[in-house]
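Everything below belongs to run_26.cif, which stores mmCIF, C-alpha atoms.
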data_model
loop_
_atom_site.label_atom_id
_atom_site.label_comp_id
_atom_site.auth_asym_id
_atom_site.auth_seq_id
_atom_site.Cartn_x
_atom_site.Cartn_y
_atom_site.Cartn_z
CA MET A 1 4.89 3.31 -55.63
CA ASN A 2 2.19 3.04 -53.00
CA ARG A 3 0.33 5.87 -54.68
CA TYR A 4 0.28 3.90 -57.94
CA LYS A 5 -0.99 0.81 -56.12
CA LYS A 6 -3.82 2.84 -54.64
CA TRP A 7 -4.74 4.37 -58.00
CA ALA A 8 -4.58 1.00 -59.75
CA SER A 9 -6.77 -0.72 -57.19
CA ARG A 10 -9.86 1.24 -58.17
CA GLU A 11 -11.83 0.73 -61.37
CA TYR A 12 -13.72 3.71 -62.77
CA SER A 13 -16.81 3.80 -64.98
CA LEU A 14 -16.43 4.81 -68.61
CA LYS A 15 -18.24 8.07 -67.80
CA HIS A 16 -15.68 8.95 -65.09
CA ARG A 17 -12.78 7.99 -67.33
CA LEU A 18 -14.08 10.18 -70.16
CA LEU A 19 -14.67 13.11 -67.81
CA ALA A 20 -11.11 12.78 -66.49
CA LEU A 21 -9.78 13.05 -70.03
CA ILE A 22 -11.39 16.46 -70.65
CA PRO A 23 -8.51 18.48 -69.09
CA ALA A 24 -6.00 16.28 -70.93
CA PHE A 25 -7.88 16.95 -74.18
CA PHE A 26 -7.55 20.71 -73.67
CA LEU A 27 -3.86 20.39 -72.85
CA PHE A 28 -2.86 18.06 -75.68
CA VAL A 29 -5.29 19.04 -78.45
CA LEU A 30 -5.56 22.80 -77.87
CA ILE A 31 -2.83 24.24 -75.62
CA PHE A 32 0.20 22.29 -76.90
CA PRO A 33 -0.63 22.94 -80.57
CA TYR A 34 -1.17 26.64 -79.79
CA LEU A 35 2.23 26.69 -78.11
CA LEU A 36 3.88 24.93 -81.07
CA VAL A 37 2.16 26.90 -83.83
CA ILE A 38 1.83 30.41 -82.35
CA LEU A 39 4.04 31.05 -79.31
CA LEU A 40 7.24 29.12 -79.99
CA PRO A 41 7.63 30.42 -83.58
CA ARG A 42 7.59 33.93 -82.03
CA LEU A 43 10.41 32.78 -79.76
CA ASP A 44 12.34 31.78 -82.91
CA ASP A 45 12.11 35.39 -84.10
CA TRP A 46 13.14 36.78 -80.73
CA LEU A 47 16.11 34.38 -80.45
CA GLN A 48 16.94 34.92 -84.13
CA PHE A 49 16.84 31.20 -84.86
CA PRO A 50 17.15 30.26 -88.52
CA ASP A 51 13.97 30.00 -90.53
CA LEU A 52 13.15 26.34 -91.19
CA HIS A 53 10.45 27.04 -93.78
CA HIS A 54 11.28 25.11 -96.93
CA GLY A 55 7.89 25.18 -98.59
CA LEU A 56 6.64 21.82 -99.76
CA VAL A 57 9.38 19.94 -97.88
CA ASN A 58 7.85 20.98 -94.54
CA SER A 59 4.47 19.63 -95.65
CA LEU A 60 5.89 16.41 -97.08
CA ILE A 61 7.59 15.62 -93.77
CA GLY A 62 5.27 17.26 -91.24
CA ILE A 63 1.87 16.08 -92.44
CA PRO A 64 2.72 12.34 -92.54
CA LEU A 65 4.28 12.61 -89.06
CA ILE A 66 1.11 14.29 -87.75
CA LEU A 67 -1.08 11.60 -89.32
CA ILE A 68 1.04 8.66 -88.13
CA GLY A 69 1.33 10.15 -84.65
CA GLY A 70 -2.39 10.90 -84.49
CA VAL A 71 -3.30 7.33 -85.44
CA TYR A 72 -1.01 5.82 -82.80
CA GLY A 73 -2.07 8.30 -80.13
CA PHE A 74 -5.82 8.00 -80.56
CA TRP A 75 -5.69 4.24 -81.26
CA SER A 76 -3.88 3.61 -77.97
CA ILE A 77 -6.21 5.89 -75.99
CA TYR A 78 -9.23 4.10 -77.48
CA ALA A 79 -7.73 0.72 -76.54
CA GLN A 80 -7.10 1.85 -72.96
CA LEU A 81 -10.64 3.18 -72.58
CA SER A 82 -12.52 0.39 -74.34
CA ARG A 83 -10.56 -2.77 -73.56
CA ALA A 84 -8.58 -2.15 -70.39
CA SER A 85 -10.93 -0.06 -68.22
CA GLY A 86 -8.36 2.67 -67.85
CA THR A 87 -7.00 5.90 -69.25
CA PRO A 88 -3.57 7.27 -70.19
CA LEU A 89 -3.64 9.19 -66.89
CA PRO A 90 -1.51 7.66 -64.12
CA MET A 91 -4.28 8.18 -61.56
CA MET A 92 -6.71 6.06 -63.64
CA PRO A 93 -4.45 3.34 -65.05
CA THR A 94 -5.56 0.38 -67.09
CA GLN A 95 -6.92 -2.60 -65.21
CA LYS A 96 -5.40 -5.12 -67.60
CA LEU A 97 -2.16 -5.26 -69.49
CA LEU A 98 -2.67 -4.38 -73.14
CA ILE A 99 -0.38 -6.36 -75.44
CA ASP A 100 -2.30 -6.24 -78.71
CA GLY A 101 -3.32 -3.55 -81.18
CA PRO A 102 -0.85 -0.67 -81.03
CA PHE A 103 0.66 -2.15 -77.86
CA LYS A 104 1.82 -5.17 -79.87
CA GLN A 105 4.07 -2.89 -81.90
CA CYS A 106 5.59 -0.95 -78.99
CA ARG A 107 5.01 -0.59 -75.25
CA ASN A 108 4.29 3.14 -75.44
CA PRO A 109 2.31 3.81 -78.63
CA MET A 110 0.58 6.85 -77.17
CA THR A 111 3.92 8.45 -76.32
CA PHE A 112 5.28 7.53 -79.75
CA GLY A 113 2.17 8.99 -81.37
CA THR A 114 2.19 12.18 -79.33
CA ILE A 115 5.86 12.94 -79.88
CA THR A 116 5.66 12.04 -83.57
CA ALA A 117 2.56 14.19 -84.18
CA TYR A 118 3.95 17.20 -82.33
CA LEU A 119 7.30 16.86 -84.08
CA GLY A 120 5.35 16.90 -87.33
CA VAL A 121 3.62 20.12 -86.24
CA GLY A 122 6.98 21.71 -85.42
CA ILE A 123 8.36 20.71 -88.81
CA LEU A 124 5.22 21.84 -90.63
CA VAL A 125 5.40 25.33 -89.12
CA GLY A 126 9.19 25.40 -89.54
CA SER A 127 9.92 26.34 -85.93
CA LEU A 128 13.23 25.32 -84.40
CA SER A 129 11.93 26.30 -80.93
CA SER A 130 8.92 24.00 -81.39
CA ILE A 131 11.11 21.10 -82.48
CA ILE A 132 13.54 21.60 -79.58
CA PHE A 133 10.62 21.89 -77.13
CA ILE A 134 9.11 18.60 -78.33
CA LEU A 135 12.47 16.82 -78.17
CA ILE A 136 12.98 18.00 -74.57
CA ILE A 137 9.42 17.05 -73.54
CA GLY A 138 9.87 13.69 -75.29
CA ALA A 139 13.14 13.01 -73.47
CA LEU A 140 11.55 13.88 -70.11
CA LEU A 141 8.53 11.70 -70.85
CA LEU A 142 10.67 8.73 -71.87
CA THR A 143 12.74 9.15 -68.70
CA TYR A 144 9.54 9.08 -66.62
CA LEU A 145 8.33 5.97 -68.44
CA LYS A 146 11.63 4.16 -67.94
CA ARG A 147 12.26 5.15 -64.32
CA ILE A 148 8.75 5.15 -62.87
CA GLU A 149 6.01 3.70 -65.06
CA GLU A 150 7.86 0.52 -66.04
CA HIS A 151 8.45 -0.32 -62.37
CA GLU A 152 4.81 0.35 -61.57
CA LEU A 153 3.64 -1.90 -64.42
CA GLU A 154 6.01 -4.66 -63.33
CA MET A 155 4.66 -4.37 -59.79
CA ARG A 156 1.04 -4.60 -60.98
CA PHE A 157 1.33 -7.18 -63.77
CA GLY A 158 4.40 -9.19 -62.70
CA GLU A 159 5.87 -11.78 -65.05
CA GLU A 160 3.30 -11.02 -67.74
CA TYR A 161 4.71 -7.49 -68.04
CA VAL A 162 8.33 -8.67 -67.79
CA ALA A 163 7.80 -11.05 -70.74
CA TYR A 164 5.98 -8.34 -72.70
CA LYS A 165 8.77 -5.86 -71.96
CA LYS A 166 11.40 -8.36 -73.10
CA ASN A 167 9.68 -8.96 -76.45
CA THR A 168 8.28 -5.54 -77.34
CA PRO A 169 10.23 -2.35 -78.14
CA MET A 170 9.75 0.53 -75.73
CA PHE A 171 9.17 3.41 -78.13
CA PHE A 172 9.65 2.81 -81.86
CA PRO A 173 6.99 0.46 -83.25
CA ARG A 174 8.04 -2.83 -84.76
CA ILE A 175 5.57 -3.50 -87.53
CA ASN A 176 5.34 -7.07 -88.76
CA PHE A 177 3.91 -7.19 -92.28
CA ARG A 178 4.00 -11.00 -92.49
CA LYS A 179 0.74 -12.81 -92.01
CA HIS A 180 0.72 -15.55 -89.40
#
Starting from the file, give its structure as structure tokens.
Amino acid sequence: MNRYKKWASREYSLKHRLLALIPAFFLFVLIFPYLLVILLPRLDDWLQFPDLHHGLVNSLIGIPLILIGGVYGFWSIYAQLSRASGTPLPMMPTQKLLIDGPFKQCRNPMTFGTITAYLGVGILVGSLSSIIFILIIGALLLTYLKRIEEHELEMRFGEEYVAYKKNTPMFFPRINFRKH
């Protein structure tokens, strides 16, 4: 936890935060999709997994998941960069606790968005290997969030985070359509 304290104690300029996101961009916007669309479907063939191509059904499920996930993912990254002087990267964490925008609906909208979008990609290409890969990565990521990141946030933001955690779902967004 001392490492997180050290990382959280320093505020970075927007320029430095954007530069730090370049490797993450390549990983999440180029490499992961390549893995899901090109490499893992080849693994399906090699392992003789069943073909999950069902024509229009794949598009009707996959495309909305990609769009919903993309909105949550990019919306939360934008909020972290613009309103909390941080990034999604643990070594450049937010300087303030975000509890509005996508973070009002769930505590981990970027994780929800990422997993949802990639699951949509796996469904769209009809690859069982891609879907299994995303479910495993998602489970590992949620375990990290629960075991490490939540403790770090509680250490940094104290009772404010505890109250937020108590009232906001961890992963699946709670959307309130009623006007206040």
Practice prompt. Quick one: apply the PyMOL selection byres ((chain A and resi 119) around 12) to the file and drop the selected residues here as JSON, numbers by chain.
Written response: {"A": [32, 33, 36, 37, 58, 61, 62, 63, 64, 65, 66, 67, 68, 69, 70, 111, 112, 113, 114, 115, 116, 117, 118, 120, 121, 122, 123, 124, 125, 126, 127, 128, 129, 130, 131, 132, 133, 134, 135, 136, 137, 138]}
Discussion item. Suppose a student applies the PyMOL selection byres ((chain A and resi 84) around 8) to this structure; what residues should they get, written as an NGL selection string?
Written reply: :A and (79-83 or 85-86 or 94-98)
Within 8 Å of segment 74-77 of chain A using only C-alpha atoms, minus same-chain residues under 3 positions, as a PDB file with C-alpha atoms, keeping the file's coordinate frame:
ATOM      1  CA  GLY A  70      -2.390  10.900 -84.490  1.00  0.00           C
ATOM      2  CA  VAL A  71      -3.300   7.330 -85.440  1.00  0.00           C
ATOM      3  CA  GLN A  80      -7.100   1.850 -72.960  1.00  0.00           C
ATOM      4  CA  LEU A  81     -10.640   3.180 -72.580  1.00  0.00           C
ATOM      5  CA  THR A  87      -7.000   5.900 -69.250  1.00  0.00           C
ATOM      6  CA  PRO A  88      -3.570   7.270 -70.190  1.00  0.00           C
ATOM      7  CA  GLY A 101      -3.320  -3.550 -81.180  1.00  0.00           C
ATOM      8  CA  PRO A 102      -0.850  -0.670 -81.030  1.00  0.00           C
ATOM      9  CA  PHE A 103       0.660  -2.150 -77.860  1.00  0.00           C
ATOM     10  CA  PRO A 109       2.310   3.810 -78.630  1.00  0.00           C
ATOM     11  CA  MET A 110       0.580   6.850 -77.170  1.00  0.00           C
TER      12      MET A 110
END
Discussion item. Suppose a student applies the PyMOL selection byres ((chain A and resi 156) around 10) to this structure; what residues should they get, written as a PyMOL selection string?
Written reply: chain A and resi 4-5+8-9+95-97+150-155+157-161
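Shortest separation to Met92 of chain A among A:Leu52, A:Lys146, A:Glu11, A:Ala163 occurs at residue A:Glu11, atoms counted being all atoms listed in the file.
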Practice prompt. Write out as a list in words the residues lying within 7 Å of Met170 of chain A, counting only C-alpha atoms and excluding same-chain residues fewer than 4 positions away.
Written response: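 Those residues are Cys106, Arg107 and Asn108 of chain A.
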Worksheet item: In Å, with one decimal, what is the gap from atom CA of Arg147 of chain A to atom CA of Tyr12 of chain A?
Response: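 Computed distance, atom CA of Arg147 of chain A to atom CA of Tyr12 of chain A, equals 26.1 Å.
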Segment 84-105 of chain A rebuilt with N, CA and C atoms, output as a CSV table (one decimal), in the frame of the given file:
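After the write, result-v3.csv holds the following:
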chain,number,residue,atom,x,y,z
A,84,ALA,N,-9.4,-1.9,-71.6
A,84,ALA,CA,-8.6,-2.2,-70.4
A,84,ALA,C,-9.1,-1.4,-69.2
A,85,SER,N,-10.3,-0.8,-69.3
A,85,SER,CA,-10.9,-0.1,-68.2
A,85,SER,C,-10.0,1.0,-67.6
A,86,GLY,N,-9.3,1.7,-68.4
A,86,GLY,CA,-8.4,2.7,-67.8
A,86,GLY,C,-8.3,3.9,-68.8
A,87,THR,N,-7.3,4.7,-68.5
A,87,THR,CA,-7.0,5.9,-69.2
A,87,THR,C,-5.5,6.0,-69.4
A,88,PRO,N,-5.0,7.0,-70.2
A,88,PRO,CA,-3.6,7.3,-70.2
A,88,PRO,C,-3.1,8.0,-68.9
A,89,LEU,N,-4.0,8.5,-68.1
A,89,LEU,CA,-3.6,9.2,-66.9
A,89,LEU,C,-3.1,8.2,-65.8
A,90,PRO,N,-2.0,8.6,-65.2
A,90,PRO,CA,-1.5,7.7,-64.1
A,90,PRO,C,-2.5,7.4,-63.0
A,91,MET,N,-3.4,8.4,-62.7
A,91,MET,CA,-4.3,8.2,-61.6
A,91,MET,C,-5.5,7.3,-61.9
A,92,MET,N,-5.6,7.0,-63.2
A,92,MET,CA,-6.7,6.1,-63.6
A,92,MET,C,-6.1,5.1,-64.6
A,93,PRO,N,-5.2,4.2,-64.1
A,93,PRO,CA,-4.4,3.3,-65.0
A,93,PRO,C,-5.3,2.2,-65.5
A,94,THR,N,-4.8,1.5,-66.6
A,94,THR,CA,-5.6,0.4,-67.1
A,94,THR,C,-5.6,-0.7,-66.1
A,95,GLN,N,-6.7,-1.5,-66.1
A,95,GLN,CA,-6.9,-2.6,-65.2
A,95,GLN,C,-6.4,-3.9,-65.7
A,96,LYS,N,-6.0,-3.9,-67.0
A,96,LYS,CA,-5.4,-5.1,-67.6
A,96,LYS,C,-4.3,-4.7,-68.5
A,97,LEU,N,-3.3,-5.6,-68.7
A,97,LEU,CA,-2.2,-5.3,-69.5
A,97,LEU,C,-2.6,-5.4,-71.0
A,98,LEU,N,-2.4,-4.3,-71.7
A,98,LEU,CA,-2.7,-4.4,-73.1
A,98,LEU,C,-1.4,-4.8,-73.9
A,99,ILE,N,-1.5,-5.9,-74.7
A,99,ILE,CA,-0.4,-6.4,-75.4
A,99,ILE,C,-0.7,-6.6,-76.9
A,100,ASP,N,-1.9,-6.1,-77.3
A,100,ASP,CA,-2.3,-6.2,-78.7
A,100,ASP,C,-2.6,-4.9,-79.3
A,101,GLY,N,-3.1,-4.8,-80.5
A,101,GLY,CA,-3.3,-3.6,-81.2
A,101,GLY,C,-2.0,-2.8,-81.3
A,102,PRO,N,-2.1,-1.5,-80.9
A,102,PRO,CA,-0.8,-0.7,-81.0
A,102,PRO,C,0.2,-1.1,-80.0
A,103,PHE,N,-0.3,-1.7,-78.9
A,103,PHE,CA,0.7,-2.2,-77.9
A,103,PHE,C,1.4,-3.4,-78.3
A,104,LYS,N,1.1,-4.0,-79.4
A,104,LYS,CA,1.8,-5.2,-79.9
A,104,LYS,C,3.1,-4.7,-80.6
A,105,GLN,N,3.0,-3.5,-81.1
A,105,GLN,CA,4.1,-2.9,-81.9
A,105,GLN,C,5.1,-2.2,-81.0
